[in-house]
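First comes the structure, then the notes that go with it.
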Amino acid sequence: KVQQEKFLNPDYDKDQHDPFLLKDMNLAVDRILKAITENERVVIYSDYDCDGIPGAVVLHDFFKAVGYQNFHNYIPHRHYDGFGLSAKAVLSIKEKYNPTLIITIDCGTTDIEAVKQAREQNIEVIITDHHEPKEEFPDALAVVNPKVGNTYPFTGLCGAGVIFKLVQALIARGGFAIPAGLEKWWLDMVGVATIADMVPLVDENRVFSTYGLKVLRKTRRPGLQKLLRKQKVDPRYLSEDDIGFTIGPRINAASRMDTPEDAFSLLATTDEAEAETRMLHLEKLNTERKSAVAQMTKELHKRLELKENIPDVFAMGNPEWRPSLVGLAANKLAEAYNRPAFLWGKDGNGMFKGSCRSGGNVSVVRLMEATP
């Protein structure tokens, strides 16, 4: 019964873990506090999805709250840069901002070459991430990832959850003159990411999703207020379904169809006029995204109608398709025919990229491993 109560009604203060249990957290905190004290230029490098972008807003809001201004948010372009920290992006950051430190959010654990490139450019890198590590690690100043080091009691955090733990550690050690409990207002972003990224809603993620929803229902963010109003969602009764079907898809639509900064600005801005502009733009992008996926799905069904026998595994594509959308179409196909679907398109650099969905009956990883 105690476990049931804890699961259904987690306690914010009692049901969280010490952030300093995360491997390399001490190194990361000391380096960031040094950067703040010495007013070094820092770049926040986040993934472009509905985990990385809310995570980037959390660190952005923290820096603003403590009066630190010498930082920039950089979000890679899905269509041209691809996933993760790339050597190309590092060179672009060096040329544009010339920072001494890059902090990643929701990426970086396996980006060995990019970190090597950063070091060659005299840029130190702190990685915060939650993805599975490989045998070799990048030569970063710190790799803060609950799946690295076997020191943290819970490995299921999303990227925004990891950056929130970093912010908690910075507040604990930094001695900043900010209101007590201010970080709780940033749980709206952690809650959105935790639910949208579909990490297991157990342990610390229960805290983040539960309290994230409570903050979202009182959100101070004009962009979210306008987005919910447009969709006729009453914030007071906002649920996880509203994150999954209203907020999440619009944040993701920015990187799938245009630039991810549109979603970041919607969430981070305090300006009413900018919030309105960004909201309307994201609505437009989301409508275009739906239309594009519907067209792709229609084309796929037509192709399958021409086949004498429906194959056990679908492997199809079109160089006109955006790789950012093929996963959505693959999901529809896998669900409709109850079998794995592998779809591909061509990105802005002329690279062919694909995505796959299993249909629920088979592991696509095993399928790929078994293919010569």
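Just so we're on the same page: first chain in the structure tokens is A, next is B, and so on; residues restart at 1 for each chain, and ligands are numbered from 1 in the order they show up.
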For Ala263 (chain A), work out the shell of residues within 10 Å, counting only C-alpha atoms and skipping chain neighbours fewer than 2 positions away, then give it as an NGL selection string.
:A and (48-50 or 53-54 or 223 or 250-255 or 258-261 or 265-268 or 278-279 or 281-282)
Which parts of region 150-342 of chain A does DSSP call alpha helix (DSSP H) when run on the backbone here, written out as a PyMOL selection string?
chain A and resi 159-174+187-196+204-216+222-230+240-242+248-257+261-268+272-305+323-337
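Nearest to Gln168 (chain A) of all the residues A:Val313, A:Leu182, A:Val192, A:Val326 is A:Leu182, counting only C-alpha atoms.
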Could you tell me how far CA of Arg303 (chain A) lies from CA of Tyr80 (chain A), in Å and to one decimal?
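Computing it gives 28.7 Å between the two atoms.
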Can you list every residue of region 138-253 of chain A that has an atom at most 10 Å from region 63-76 of chain A, with its nearest atom pair and the distance in Å to one decimal, using only C-alpha atoms, ordered by chain then number, as JSON lines?
{"residue": "A:Val167", "atom": "CA", "partner": "A:Phe63", "partner_atom": "CA", "distance": 9.4}
{"residue": "A:Ile171", "atom": "CA", "partner": "A:Val66", "partner_atom": "CA", "distance": 9.3}
{"residue": "A:Gly174", "atom": "CA", "partner": "A:Val66", "partner_atom": "CA", "distance": 9.6}
{"residue": "A:Gly175", "atom": "CA", "partner": "A:Val66", "partner_atom": "CA", "distance": 9.9}
{"residue": "A:Phe176", "atom": "CA", "partner": "A:Val66", "partner_atom": "CA", "distance": 6.4}
{"residue": "A:Ala177", "atom": "CA", "partner": "A:Val66", "partner_atom": "CA", "distance": 7.3}
{"residue": "A:Ile178", "atom": "CA", "partner": "A:Val66", "partner_atom": "CA", "distance": 6.8}
{"residue": "A:Pro179", "atom": "CA", "partner": "A:Ala65", "partner_atom": "CA", "distance": 9.5}
{"residue": "A:Leu182", "atom": "CA", "partner": "A:Ala65", "partner_atom": "CA", "distance": 8.9}
{"residue": "A:Glu183", "atom": "CA", "partner": "A:Ala65", "partner_atom": "CA", "distance": 9.6}
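Shortest atom-to-atom contact with Pro235 (chain A) among A:Glu5, A:Asp51, A:Asp271, A:Asp188: A:Asp188, counting only C-alpha atoms.
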Can you work out the spacing between CA of Asp347 (chain A) and CA of Pro323 (chain A) in Å, to one decimal?
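Separation of CA of Asp347 (chain A) and CA of Pro323 (chain A): 6.1 Å.
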Which residues in region 45-217 of chain A does DSSP call strand (DSSP E)? List them as a ChimeraX atom specification.
/A:45-46,71-74,101-105,124-128,142-144
Polymer residues at most 12 Å from Leu27 (chain A), only C-alpha atoms, same-chain spacing of 3 or more positions, as a list in words:
Phe20, Leu21, Leu22, Lys23, Asp24, Asp30, Arg31, Ile32, Leu33, Lys34, Glu124, Val125, Ile126, Ile127, Ala140, Leu141, Ala142, Val143, Val144, Leu166, Ala169 and Leu170 of chain A
Take the residues from that selection and write them out as a PDB file, in the first residue's frame, keeping N, CA and C atoms.
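Final file, again-v3.pdb:
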ATOM      1  N   PHE A  20      24.144  14.687  -7.466  1.00  0.00           N
ATOM      2  CA  PHE A  20      25.587  14.463  -7.472  1.00  0.00           C
ATOM      3  C   PHE A  20      25.952  12.974  -7.533  1.00  0.00           C
ATOM      4  N   LEU A  21      24.935  12.101  -7.496  1.00  0.00           N
ATOM      5  CA  LEU A  21      25.198  10.681  -7.710  1.00  0.00           C
ATOM      6  C   LEU A  21      25.465  10.375  -9.184  1.00  0.00           C
ATOM      7  N   LEU A  22      25.041  11.263 -10.050  1.00  0.00           N
ATOM      8  CA  LEU A  22      25.323  11.082 -11.475  1.00  0.00           C
ATOM      9  C   LEU A  22      26.824  11.227 -11.720  1.00  0.00           C
ATOM     10  N   LYS A  23      27.386  10.288 -12.469  1.00  0.00           N
ATOM     11  CA  LYS A  23      28.812  10.314 -12.768  1.00  0.00           C
ATOM     12  C   LYS A  23      29.185  11.640 -13.448  1.00  0.00           C
ATOM     13  N   ASP A  24      30.285  12.208 -13.065  1.00  0.00           N
ATOM     14  CA  ASP A  24      30.847  13.448 -13.634  1.00  0.00           C
ATOM     15  C   ASP A  24      30.045  14.704 -13.294  1.00  0.00           C
ATOM     16  N   ASP A  30      31.273  22.258 -11.431  1.00  0.00           N
ATOM     17  CA  ASP A  30      32.416  23.142 -11.193  1.00  0.00           C
ATOM     18  C   ASP A  30      32.793  23.923 -12.449  1.00  0.00           C
ATOM     19  N   ARG A  31      32.746  23.241 -13.614  1.00  0.00           N
ATOM     20  CA  ARG A  31      33.138  23.913 -14.870  1.00  0.00           C
ATOM     21  C   ARG A  31      32.120  24.977 -15.266  1.00  0.00           C
ATOM     22  N   ILE A  32      30.834  24.692 -15.095  1.00  0.00           N
ATOM     23  CA  ILE A  32      29.810  25.674 -15.471  1.00  0.00           C
ATOM     24  C   ILE A  32      29.832  26.867 -14.522  1.00  0.00           C
ATOM     25  N   LEU A  33      30.030  26.626 -13.227  1.00  0.00           N
ATOM     26  CA  LEU A  33      30.120  27.740 -12.272  1.00  0.00           C
ATOM     27  C   LEU A  33      31.321  28.632 -12.590  1.00  0.00           C
ATOM     28  N   LYS A  34      32.411  28.017 -13.028  1.00  0.00           N
ATOM     29  CA  LYS A  34      33.598  28.798 -13.440  1.00  0.00           C
ATOM     30  C   LYS A  34      33.242  29.660 -14.659  1.00  0.00           C
ATOM     31  N   GLU A 124      35.848  23.197 -24.684  1.00  0.00           N
ATOM     32  CA  GLU A 124      35.555  22.066 -23.810  1.00  0.00           C
ATOM     33  C   GLU A 124      34.085  21.670 -23.973  1.00  0.00           C
ATOM     34  N   VAL A 125      33.804  20.390 -23.729  1.00  0.00           N
ATOM     35  CA  VAL A 125      32.442  19.884 -23.928  1.00  0.00           C
ATOM     36  C   VAL A 125      31.965  19.163 -22.669  1.00  0.00           C
ATOM     37  N   ILE A 126      30.764  19.540 -22.228  1.00  0.00           N
ATOM     38  CA  ILE A 126      30.060  18.794 -21.181  1.00  0.00           C
ATOM     39  C   ILE A 126      28.869  18.129 -21.854  1.00  0.00           C
ATOM     40  N   ILE A 127      28.810  16.816 -21.752  1.00  0.00           N
ATOM     41  CA  ILE A 127      27.707  16.074 -22.359  1.00  0.00           C
ATOM     42  C   ILE A 127      26.663  15.750 -21.289  1.00  0.00           C
ATOM     43  N   ALA A 140      35.259  14.010 -23.550  1.00  0.00           N
ATOM     44  CA  ALA A 140      34.622  15.230 -23.043  1.00  0.00           C
ATOM     45  C   ALA A 140      35.077  15.503 -21.615  1.00  0.00           C
ATOM     46  N   LEU A 141      34.896  16.750 -21.185  1.00  0.00           N
ATOM     47  CA  LEU A 141      35.222  17.112 -19.805  1.00  0.00           C
ATOM     48  C   LEU A 141      34.362  16.309 -18.828  1.00  0.00           C
ATOM     49  N   ALA A 142      33.085  16.103 -19.195  1.00  0.00           N
ATOM     50  CA  ALA A 142      32.160  15.340 -18.352  1.00  0.00           C
ATOM     51  C   ALA A 142      31.108  14.696 -19.235  1.00  0.00           C
ATOM     52  N   VAL A 143      30.699  13.483 -18.864  1.00  0.00           N
ATOM     53  CA  VAL A 143      29.585  12.807 -19.524  1.00  0.00           C
ATOM     54  C   VAL A 143      28.557  12.502 -18.439  1.00  0.00           C
ATOM     55  N   VAL A 144      27.527  13.326 -18.367  1.00  0.00           N
ATOM     56  CA  VAL A 144      26.486  13.180 -17.350  1.00  0.00           C
ATOM     57  C   VAL A 144      25.308  12.447 -17.987  1.00  0.00           C
ATOM     58  N   LEU A 166      21.051  18.526 -13.442  1.00  0.00           N
ATOM     59  CA  LEU A 166      22.229  19.408 -13.492  1.00  0.00           C
ATOM     60  C   LEU A 166      21.891  20.779 -12.903  1.00  0.00           C
ATOM     61  N   ALA A 169      21.768  20.627  -9.211  1.00  0.00           N
ATOM     62  CA  ALA A 169      23.124  20.586  -8.651  1.00  0.00           C
ATOM     63  C   ALA A 169      23.779  21.969  -8.685  1.00  0.00           C
ATOM     64  N   LEU A 170      23.561  22.707  -9.761  1.00  0.00           N
ATOM     65  CA  LEU A 170      24.117  24.056  -9.873  1.00  0.00           C
ATOM     66  C   LEU A 170      23.529  24.981  -8.812  1.00  0.00           C
TER      67      LEU A 170
END
Using 7 Å as the limit and counting only C-alpha atoms, can you tabulate each residue of region 194-290 of chain A that touches region 158-161 of chain A, with its shortest atom-to-atom distance in Å and the two atoms involved, as a tab-separated table?
residue	atom	partner	partner_atom	distance
A:Thr194	CA	A:Cys158	CA	5.9
A:Asp197	CA	A:Cys158	CA	6.9
A:Val199	CA	A:Cys158	CA	6.4
For the selection just defined, write its residues with N, CA, C and O atoms to a file, as a PDB file, in the first residue's frame.
ATOM      1  N   THR A 194       9.312  14.389 -20.531  1.00  0.00           N
ATOM      2  CA  THR A 194       9.204  13.052 -19.937  1.00  0.00           C
ATOM      3  C   THR A 194       8.042  12.273 -20.545  1.00  0.00           C
ATOM      4  O   THR A 194       8.170  11.093 -20.878  1.00  0.00           O
ATOM      5  N   ASP A 197       8.603  11.969 -24.652  1.00  0.00           N
ATOM      6  CA  ASP A 197       9.702  11.080 -25.057  1.00  0.00           C
ATOM      7  C   ASP A 197       9.413   9.617 -24.695  1.00  0.00           C
ATOM      8  O   ASP A 197      10.213   8.734 -25.005  1.00  0.00           O
ATOM      9  N   VAL A 199       9.520   7.844 -22.016  1.00  0.00           N
ATOM     10  CA  VAL A 199      10.359   7.076 -21.101  1.00  0.00           C
ATOM     11  C   VAL A 199       9.442   6.430 -20.055  1.00  0.00           C
ATOM     12  O   VAL A 199       8.299   6.856 -19.878  1.00  0.00           O
TER      13      VAL A 199
END
Might you pull out every residue within 9 Å of Gly84 (chain A), with only C-alpha atoms counted and same-chain residues fewer than 4 positions away left off, and present them as a list of chain:residue names?
A:Ser46, A:Asp47, A:Pro76, A:Thr104, A:Asp106, A:Cys107, A:Gly108, A:Thr109, A:Thr110, A:Asp111
